[in-house]
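**Q** Below is the file structure.cif, with mmCIF, C-alpha atoms and all ligand atoms.
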data_work
loop_
_atom_site.group_PDB
_atom_site.id
_atom_site.type_symbol
_atom_site.label_atom_id
_atom_site.label_comp_id
_atom_site.auth_asym_id
_atom_site.auth_seq_id
_atom_site.Cartn_x
_atom_site.Cartn_y
_atom_site.Cartn_z
ATOM 1 C CA MET A 1 127.922 12.598 278.400
ATOM 2 C CA SER A 2 124.323 13.263 279.251
ATOM 3 C CA GLY A 3 122.107 16.221 278.634
ATOM 4 C CA VAL A 4 118.536 16.945 279.511
ATOM 5 C CA SER A 5 117.192 16.941 275.982
ATOM 6 C CA GLY A 6 113.574 17.785 276.650
ATOM 7 C CA PRO A 7 111.163 18.559 279.437
ATOM 8 C CA ASP A 8 109.871 15.011 279.468
ATOM 9 C CA ARG A 9 113.336 13.684 280.233
ATOM 10 C CA VAL A 10 113.417 15.114 283.725
ATOM 11 C CA ASN A 11 113.000 12.339 286.240
ATOM 12 C CA ALA A 12 112.497 9.838 283.432
ATOM 13 C CA GLU A 13 115.315 7.727 284.858
ATOM 14 C CA PRO A 14 114.305 5.119 287.415
ATOM 15 C CA VAL A 15 114.869 6.192 290.970
ATOM 16 C CA TYR A 16 116.455 3.325 292.859
ATOM 17 C CA PRO A 17 115.536 2.732 296.466
ATOM 18 C CA GLY A 18 117.996 4.563 298.686
ATOM 19 C CA GLY A 19 120.992 2.400 299.357
ATOM 20 C CA GLY A 20 122.130 3.941 302.635
ATOM 21 C CA SER A 21 125.896 3.783 302.626
ATOM 22 C CA ALA A 22 125.907 3.164 298.865
ATOM 23 C CA MET A 23 124.481 6.615 298.181
ATOM 24 C CA LYS A 24 126.952 9.096 296.797
ATOM 25 C CA ARG A 25 127.720 12.654 297.700
ATOM 26 C CA ALA A 26 127.788 15.027 294.764
ATOM 27 C CA VAL A 27 128.962 18.517 294.122
ATOM 28 C CA PHE A 28 126.731 20.131 291.498
ATOM 29 C CA ILE A 29 128.603 22.926 289.748
ATOM 30 C CA ASP A 30 127.251 25.673 287.532
ATOM 31 C CA ARG A 31 129.353 26.147 284.380
ATOM 32 C CA ASP A 32 129.485 29.741 283.094
ATOM 33 C CA GLY A 33 130.949 32.178 285.614
ATOM 34 C CA THR A 34 131.804 29.347 288.000
ATOM 35 C CA ILE A 35 134.093 26.956 286.068
ATOM 36 C CA ASN A 36 134.840 29.226 283.115
ATOM 37 C CA GLU A 37 134.945 32.975 282.619
ATOM 38 C CA GLU A 38 131.475 34.371 281.972
ATOM 39 C CA LYS A 39 130.905 35.338 278.335
ATOM 40 C CA ASP A 40 127.467 35.986 276.929
ATOM 41 C CA TYR A 41 126.119 32.829 275.325
ATOM 42 C CA LEU A 42 129.444 31.049 275.182
ATOM 43 C CA PHE A 43 129.554 28.119 272.781
ATOM 44 C CA ARG A 44 132.816 28.371 270.780
ATOM 45 C CA THR A 45 135.693 26.368 272.194
ATOM 46 C CA ASP A 46 138.072 29.206 271.229
ATOM 47 C CA ASP A 47 136.227 31.541 273.605
ATOM 48 C CA PHE A 48 136.476 29.153 276.553
ATOM 49 C CA THR A 49 138.777 30.090 279.446
ATOM 50 C CA PHE A 50 138.940 28.474 282.852
ATOM 51 C CA ILE A 51 138.553 30.640 285.923
ATOM 52 C CA PRO A 52 141.918 30.291 287.676
ATOM 53 C CA GLY A 53 141.920 27.373 290.104
ATOM 54 C CA ALA A 54 138.785 25.733 288.690
ATOM 55 C CA PRO A 55 140.505 22.594 287.295
ATOM 56 C CA ARG A 56 142.345 22.153 290.584
ATOM 57 C CA ALA A 57 139.071 22.556 292.502
ATOM 58 C CA ILE A 58 137.433 19.820 290.413
ATOM 59 C CA ARG A 59 140.437 17.523 290.863
ATOM 60 C CA LEU A 60 140.311 17.999 294.643
ATOM 61 C CA LEU A 61 136.603 17.112 294.626
ATOM 62 C CA ASN A 62 137.334 14.022 292.476
ATOM 63 C CA GLU A 63 140.038 12.908 294.879
ATOM 64 C CA ALA A 64 137.754 13.448 297.877
ATOM 65 C CA GLY A 65 135.235 11.032 296.354
ATOM 66 C CA PHE A 66 132.517 13.496 295.377
ATOM 67 C CA LEU A 67 130.609 12.902 292.177
ATOM 68 C CA VAL A 68 131.116 16.081 290.130
ATOM 69 C CA VAL A 69 128.026 17.048 288.128
ATOM 70 C CA VAL A 70 127.802 20.143 285.928
ATOM 71 C CA VAL A 71 124.330 21.713 285.772
ATOM 72 C CA THR A 72 124.038 24.611 283.324
ATOM 73 C CA ASN A 73 121.221 26.704 281.869
ATOM 74 C CA GLN A 74 121.795 27.022 278.111
ATOM 75 C CA SER A 75 118.918 29.157 276.902
ATOM 76 C CA GLY A 76 121.086 30.090 273.912
ATOM 77 C CA VAL A 77 119.774 26.844 272.411
ATOM 78 C CA ALA A 78 116.140 27.920 272.817
ATOM 79 C CA ARG A 79 116.999 31.362 271.456
ATOM 80 C CA GLY A 80 118.622 29.848 268.357
ATOM 81 C CA TYR A 81 122.116 31.227 269.072
ATOM 82 C CA TYR A 82 123.667 27.750 268.982
ATOM 83 C CA THR A 83 122.605 24.110 268.908
ATOM 84 C CA GLU A 84 122.608 21.249 271.392
ATOM 85 C CA GLU A 85 125.440 19.740 269.331
ATOM 86 C CA ASP A 86 127.480 22.903 270.017
ATOM 87 C CA VAL A 87 126.848 22.394 273.740
ATOM 88 C CA HIS A 88 128.075 18.786 273.499
ATOM 89 C CA LEU A 89 131.167 19.865 271.537
ATOM 90 C CA LEU A 90 132.047 22.491 274.129
ATOM 91 C CA HIS A 91 131.567 19.996 276.957
ATOM 92 C CA ARG A 92 133.868 17.529 275.202
ATOM 93 C CA HIS A 93 136.436 20.323 274.871
ATOM 94 C CA ILE A 94 136.156 21.223 278.571
ATOM 95 C CA ALA A 95 136.469 17.552 279.516
ATOM 96 C CA SER A 96 139.683 17.190 277.529
ATOM 97 C CA GLN A 97 141.101 20.382 279.062
ATOM 98 C CA LEU A 98 140.212 19.103 282.531
ATOM 99 C CA ASP A 99 141.842 15.773 281.727
ATOM 100 C CA GLN A 100 145.143 17.593 281.222
ATOM 101 C CA HIS A 101 144.794 18.786 284.824
ATOM 102 C CA GLY A 102 143.904 15.322 286.112
ATOM 103 C CA ALA A 103 140.332 16.460 286.736
ATOM 104 C CA ARG A 104 137.038 14.896 285.662
ATOM 105 C CA VAL A 105 133.370 15.848 285.393
ATOM 106 C CA ASP A 106 131.267 12.739 286.028
ATOM 107 C CA ALA A 107 128.082 13.989 284.361
ATOM 108 C CA TRP A 108 126.950 16.975 282.330
ATOM 109 C CA TYR A 109 123.415 18.325 282.451
ATOM 110 C CA TYR A 110 122.113 21.336 280.586
ATOM 111 C CA CYS A 111 118.730 22.986 280.183
ATOM 112 C CA PRO A 112 118.232 24.113 276.569
ATOM 113 C CA HIS A 113 114.840 25.698 277.275
ATOM 114 C CA HIS A 114 113.531 29.204 277.722
ATOM 115 C CA PRO A 115 109.922 30.484 277.964
ATOM 116 C CA SER A 116 110.483 32.807 274.995
ATOM 117 C CA GLY A 117 112.468 30.266 272.996
ATOM 118 C CA ARG A 118 111.703 28.555 269.707
ATOM 119 C CA GLY A 119 109.308 25.671 269.180
ATOM 120 C CA SER A 120 109.572 22.819 271.626
ATOM 121 C CA TYR A 121 112.312 24.628 273.535
ATOM 122 C CA ALA A 122 109.695 27.095 274.754
ATOM 123 C CA LEU A 123 107.745 24.430 276.623
ATOM 124 C CA PRO A 124 107.691 24.873 280.372
ATOM 125 C CA CYS A 125 110.428 22.697 281.812
ATOM 126 C CA ARG A 126 111.518 21.483 285.209
ATOM 127 C CA CYS A 127 115.222 21.762 284.511
ATOM 128 C CA ARG A 128 115.835 25.486 284.130
ATOM 129 C CA LYS A 129 117.423 26.772 287.329
ATOM 130 C CA PRO A 130 116.148 27.972 289.816
ATOM 131 C CA LEU A 131 114.095 24.779 289.416
ATOM 132 C CA PRO A 132 115.982 21.714 290.659
ATOM 133 C CA GLY A 133 115.148 19.300 287.779
ATOM 134 C CA MET A 134 118.722 18.690 286.663
ATOM 135 C CA LEU A 135 119.849 17.955 290.212
ATOM 136 C CA LEU A 136 116.903 15.637 290.812
ATOM 137 C CA GLU A 137 117.473 13.756 287.569
ATOM 138 C CA ALA A 138 121.145 13.233 288.422
ATOM 139 C CA ALA A 139 120.223 12.140 291.932
ATOM 140 C CA GLY A 140 117.899 9.488 290.529
ATOM 141 C CA ARG A 141 120.388 8.249 287.983
ATOM 142 C CA PHE A 142 123.456 8.098 290.222
ATOM 143 C CA ASP A 143 121.887 7.373 293.615
ATOM 144 C CA ILE A 144 122.994 10.705 295.053
ATOM 145 C CA ASP A 145 122.205 11.647 298.631
ATOM 146 C CA LEU A 146 121.041 15.233 298.105
ATOM 147 C CA GLU A 147 121.136 16.137 301.784
ATOM 148 C CA SER A 148 124.879 15.521 301.916
ATOM 149 C CA SER A 149 125.493 17.115 298.521
ATOM 150 C CA VAL A 150 126.388 20.653 297.541
ATOM 151 C CA MET A 151 125.469 23.131 294.775
ATOM 152 C CA ILE A 152 128.007 25.806 293.797
ATOM 153 C CA GLY A 153 127.285 28.664 291.389
ATOM 154 C CA ASP A 154 127.661 32.368 290.656
ATOM 155 C CA LYS A 155 123.956 33.276 290.582
ATOM 156 C CA LEU A 156 121.145 33.242 293.081
ATOM 157 C CA VAL A 157 119.234 30.883 290.757
ATOM 158 C CA ASP A 158 122.007 28.345 291.383
ATOM 159 C CA VAL A 159 121.706 28.740 295.141
ATOM 160 C CA GLU A 160 117.903 28.481 294.865
ATOM 161 C CA ALA A 161 118.084 25.327 292.734
ATOM 162 C CA GLY A 162 120.445 23.752 295.250
ATOM 163 C CA ALA A 163 118.214 24.676 298.163
ATOM 164 C CA ALA A 164 115.119 23.383 296.344
ATOM 165 C CA ALA A 165 116.886 20.039 295.902
ATOM 166 C CA GLY A 166 117.776 19.954 299.578
ATOM 167 C CA CYS A 167 121.500 20.586 299.106
ATOM 168 C CA ARG A 168 123.931 22.850 300.897
ATOM 169 C CA SER A 169 124.287 25.783 298.507
ATOM 170 C CA ILE A 170 127.241 28.074 297.934
ATOM 171 C CA LEU A 171 127.585 31.298 295.943
ATOM 172 C CA VAL A 172 130.942 32.206 294.414
ATOM 173 C CA ARG A 173 132.044 35.768 293.634
ATOM 174 C CA THR A 174 133.313 34.978 290.124
ATOM 175 C CA GLY A 175 131.082 35.602 287.079
ATOM 176 C CA TYR A 176 127.952 37.437 288.254
ATOM 177 C CA GLY A 177 128.627 36.423 291.834
ATOM 178 C CA SER A 178 129.894 39.674 293.293
ATOM 179 C CA ASP A 179 126.867 41.525 291.838
ATOM 180 C CA GLU A 180 124.519 38.822 293.034
ATOM 181 C CA GLU A 181 126.032 39.056 296.503
ATOM 182 C CA GLN A 182 124.686 42.621 296.807
ATOM 183 C CA ARG A 183 121.154 41.385 296.174
ATOM 184 C CA CYS A 184 121.142 38.359 298.420
ATOM 185 C CA ARG A 185 119.799 37.722 301.862
ATOM 186 C CA SER A 186 122.329 37.567 304.631
ATOM 187 C CA GLY A 187 123.438 34.205 305.870
ATOM 188 C CA ILE A 188 124.185 32.827 302.438
ATOM 189 C CA GLU A 189 127.451 30.873 302.189
ATOM 190 C CA ILE A 190 129.898 32.698 299.913
ATOM 191 C CA TYR A 191 133.469 32.127 298.744
ATOM 192 C CA ASP A 192 135.671 34.023 296.310
ATOM 193 C CA ASP A 193 135.813 31.235 293.736
ATOM 194 C CA LEU A 194 135.296 27.549 293.048
ATOM 195 C CA LEU A 195 138.681 26.597 294.491
ATOM 196 C CA GLN A 196 137.945 28.303 297.811
ATOM 197 C CA ALA A 197 134.497 26.709 297.882
ATOM 198 C CA ALA A 198 135.949 23.254 297.156
ATOM 199 C CA GLU A 199 138.605 23.667 299.829
ATOM 200 C CA SER A 200 135.899 24.579 302.340
ATOM 201 C CA LEU A 201 134.175 21.259 301.615
ATOM 202 C CA LEU A 202 137.350 19.307 302.233
ATOM 203 C CA ARG A 203 138.138 20.848 305.602
ATOM 204 C CA PRO A 204 137.107 18.713 308.537
ATOM 205 C CA GLU A 205 134.162 20.371 310.288
HETATM 206 MG MG MG B 301 126.733 30.945 286.015
HETATM 207 ZN ZN ZN B 302 114.814 23.005 280.848
#
Please rewrite the model in this file as structure tokens.
**A**
Amino acid sequence: MSGVSGPDRVNAEPVYPGGGSAMKRAVFIDRDGTINEEKDYLFRTDDFTFIPGAPRAIRLLNEAGFLVVVVTNQSGVARGYYTEEDVHLLHRHIASQLDQHGARVDAWYYCPHHPSGRGSYALPCRCRKPLPGMLLEAAGRFDIDLESSVMIGDKLVDVEAGAAAGCRSILVRTGYGSDEEQRCRSGIEIYDDLLQAAESLLRPE
């Protein structure tokens, strides 16, 4: 399990020279409103509920050979609503639930910062979406080819982070997605949910 624990961590991992065919394709997935039902500042495992089809979507992506990387803004840490340990506990819970569906998240990244947060969490960071820091850090660590990778989320900040990293970016209508759809420029790629989005990636073009 890996989290972005501070602003100085972003891009701290060595970036290996691109290995051509060895580079991996990833699907970066937002957490709240995309994998699980949106609840304000979710951190209790008892409050966690999958969006229908999400475990199956992740399993399909696993089977297709994509690296599955969760990238989630968790400003509740900066605001003092819960701790980084709570984030880790919830991610362990989600991982075990996914395991029961034969699905796996390969890496977890979260941004605990917010400009109006407490102490060091208020420092400007490069990981809070719409900035692409979490995607770039994962790309460096796992030798991910960003151009052939995809970002999926329920907010425009997710789409913007994906685009800033050079990825194909998809909005889903779960969570805040159907509201966000009203505000977005035309031409954005949209699906009803994570399962539909995943299936679109697996169809031959
Ligand atoms: Mg979300
Ligand atoms: Zn951050």
**Q** Select from chain A every residue with an atom at most 9 Å from any atom of ligand ZN 302 (chain B), then for each give the shortest pair of atoms and their distance in Å to one decimal, using all atoms listed in the file, rows by chain and rising number, as a Markdown table.
**A**
| residue | atom | partner | partner_atom | distance |
| --- | --- | --- | --- | --- |
| A:Val4 | CA | B:ZN302 | ZN | 7.2 |
| A:Ser5 | CA | B:ZN302 | ZN | 8.1 |
| A:Gly6 | CA | B:ZN302 | ZN | 6.8 |
| A:Pro7 | CA | B:ZN302 | ZN | 5.9 |
| A:Val10 | CA | B:ZN302 | ZN | 8.5 |
| A:Asn73 | CA | B:ZN302 | ZN | 7.5 |
| A:Gln74 | CA | B:ZN302 | ZN | 8.5 |
| A:Ser75 | CA | B:ZN302 | ZN | 8.4 |
| A:Tyr110 | CA | B:ZN302 | ZN | 7.5 |
| A:Cys111 | CA | B:ZN302 | ZN | 4.0 |
| A:Pro112 | CA | B:ZN302 | ZN | 5.6 |
| A:His113 | CA | B:ZN302 | ZN | 4.5 |
| A:His114 | CA | B:ZN302 | ZN | 7.1 |
| A:Tyr121 | CA | B:ZN302 | ZN | 7.9 |
| A:Ala122 | CA | B:ZN302 | ZN | 8.9 |
| A:Leu123 | CA | B:ZN302 | ZN | 8.4 |
| A:Pro124 | CA | B:ZN302 | ZN | 7.4 |
| A:Cys125 | CA | B:ZN302 | ZN | 4.5 |
| A:Arg126 | CA | B:ZN302 | ZN | 5.7 |
| A:Cys127 | CA | B:ZN302 | ZN | 3.9 |
| A:Arg128 | CA | B:ZN302 | ZN | 4.2 |
| A:Lys129 | CA | B:ZN302 | ZN | 7.9 |
| A:Leu131 | CA | B:ZN302 | ZN | 8.8 |
| A:Gly133 | CA | B:ZN302 | ZN | 7.9 |
| A:Met134 | CA | B:ZN302 | ZN | 8.2 |
**Q** Provide the atom CA of A:Asp30 to atom CA of A:Gly175 distance in Å, to one decimal place.
**A** 10.7 Å
**Q** Give me the residues near A:Asp154 as a list in words, where near means some atom within 8 Å (using all atoms listed in the file) and where sequence neighbours in that chain fewer than 2 positions away do not count.
**A** Asp30, Gly33, Thr34, Ile152, Leu156, Asp158, Leu171, Val172, Arg173, Thr174, Gly175, Tyr176, Gly177 and Glu180 of chain A
**Q** Calculated over only C-alpha atoms and all ligand atoms, which of the candidates A:Leu61, A:Leu194, A:Ala103, A:Ala139 has the smallest distance to ligand MG 301 (chain B)?
**A**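 Among the listed residues, the smallest separation from ligand MG 301 (chain B) belongs to A:Leu194.
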**Q** Can you list, as an MDAnalysis selection string, the residues that the PyMOL selection byres (((chain A and resi 160-163) around 8) and not hetatm) selects here?
**A** chainID A and resid 129:132 135 150:152 156:159 164:169
**Q** Would you compute the distance between atom CA of A:Arg203 and atom CA of A:Leu67? Give it in Å to one decimal.
**A**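 Computed distance, atom CA of A:Arg203 to atom CA of A:Leu67, equals 17.3 Å.
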**Q** Mind pulling up the distance from atom CA of A:Ser149 to atom CA of A:Ile35?
**A**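 If I compute the distance from atom CA of A:Ile35 to atom CA of A:Ser149, I get 18.1 Å.
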**Q** Residues near A:Lys24, anyone? I mean within 8 Å using only C-alpha atoms, not counting same-chain ones fewer than 4 positions away, as a list in words.
**A**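 Near neighbours after the sequence-gap exclusion: Phe66, Leu67, Phe142, Asp143, Ile144 and Asp145 of chain A.
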**Q** Since I can't run it myself right now, could you work out what the PyMOL selection byres (((chain A and resi 98) around 12) and not hetatm) selects here and report it as a count of residues only?
**A** 27
**Q** Spell out the residues picked by the PyMOL selection byres (((chain A and resi 81) around 12) and not hetatm) here, as a PDB file with C-alpha atoms, in the coordinates of the input.
**A**
ATOM      1  CA  ASP A  40     127.467  35.986 276.929  1.00  0.00           C
ATOM      2  CA  TYR A  41     126.119  32.829 275.325  1.00  0.00           C
ATOM      3  CA  LEU A  42     129.444  31.049 275.182  1.00  0.00           C
ATOM      4  CA  PHE A  43     129.554  28.119 272.781  1.00  0.00           C
ATOM      5  CA  ARG A  44     132.816  28.371 270.780  1.00  0.00           C
ATOM      6  CA  GLN A  74     121.795  27.022 278.111  1.00  0.00           C
ATOM      7  CA  SER A  75     118.918  29.157 276.902  1.00  0.00           C
ATOM      8  CA  GLY A  76     121.086  30.090 273.912  1.00  0.00           C
ATOM      9  CA  VAL A  77     119.774  26.844 272.411  1.00  0.00           C
ATOM     10  CA  ALA A  78     116.140  27.920 272.817  1.00  0.00           C
ATOM     11  CA  ARG A  79     116.999  31.362 271.456  1.00  0.00           C
ATOM     12  CA  GLY A  80     118.622  29.848 268.357  1.00  0.00           C
ATOM     13  CA  TYR A  82     123.667  27.750 268.982  1.00  0.00           C
ATOM     14  CA  THR A  83     122.605  24.110 268.908  1.00  0.00           C
ATOM     15  CA  GLU A  84     122.608  21.249 271.392  1.00  0.00           C
ATOM     16  CA  GLU A  85     125.440  19.740 269.331  1.00  0.00           C
ATOM     17  CA  ASP A  86     127.480  22.903 270.017  1.00  0.00           C
ATOM     18  CA  VAL A  87     126.848  22.394 273.740  1.00  0.00           C
ATOM     19  CA  PRO A 112     118.232  24.113 276.569  1.00  0.00           C
ATOM     20  CA  GLY A 117     112.468  30.266 272.996  1.00  0.00           C
ATOM     21  CA  ARG A 118     111.703  28.555 269.707  1.00  0.00           C
TER      22      ARG A 118
END
**Q** Return the single residue from A:Ser120, A:Ser178, A:Gln196, A:Ser148 that is closest to ligand MG 301 (chain B), with distances computed using only C-alpha atoms and all ligand atoms.
**A**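 When distances to ligand MG 301 (chain B) are compared using only C-alpha atoms and all ligand atoms, the smallest one comes from A:Ser178.
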**Q** Just need the box for stretch 196-200 of chain A, edges along x, y and z, holding every atom the file lists for it with 6 Å tacked onto each side, so centre and edge lengths in Å to one decimal, as AutoDock Vina command-line options.
**A**
--center_x 136.6 --center_y 25.8 --center_z 299.7 --size_x 16.1 --size_y 17.0 --size_z 17.2
**Q** Out of A:Arg141, A:Pro115, A:Gly153, A:Asp179, which residue has the shortest atom-to-atom distance to A:Leu195 when counting all atoms listed in the file?
**A**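 Comparing A:Arg141, A:Pro115, A:Gly153, A:Asp179 against A:Leu195, the winner is A:Gly153.
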**Q** Compare A:Ala198, A:Gly140, A:Pro52, A:Glu37 by their minimum atom-to-atom distance to ligand MG 301 (chain B), counting all atoms listed in the file, and give me the closest one.
**A**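 For ligand MG 301 (chain B), the nearest of the given residues is A:Glu37.
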**Q** Hey, which of A:Glu137, A:Glu147, A:Glu63, A:Asp193 ends up closest to ligand MG 301 (chain B)? Count all atoms listed in the file.
**A**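 Under the stated criterion, the closest residue is A:Asp193.
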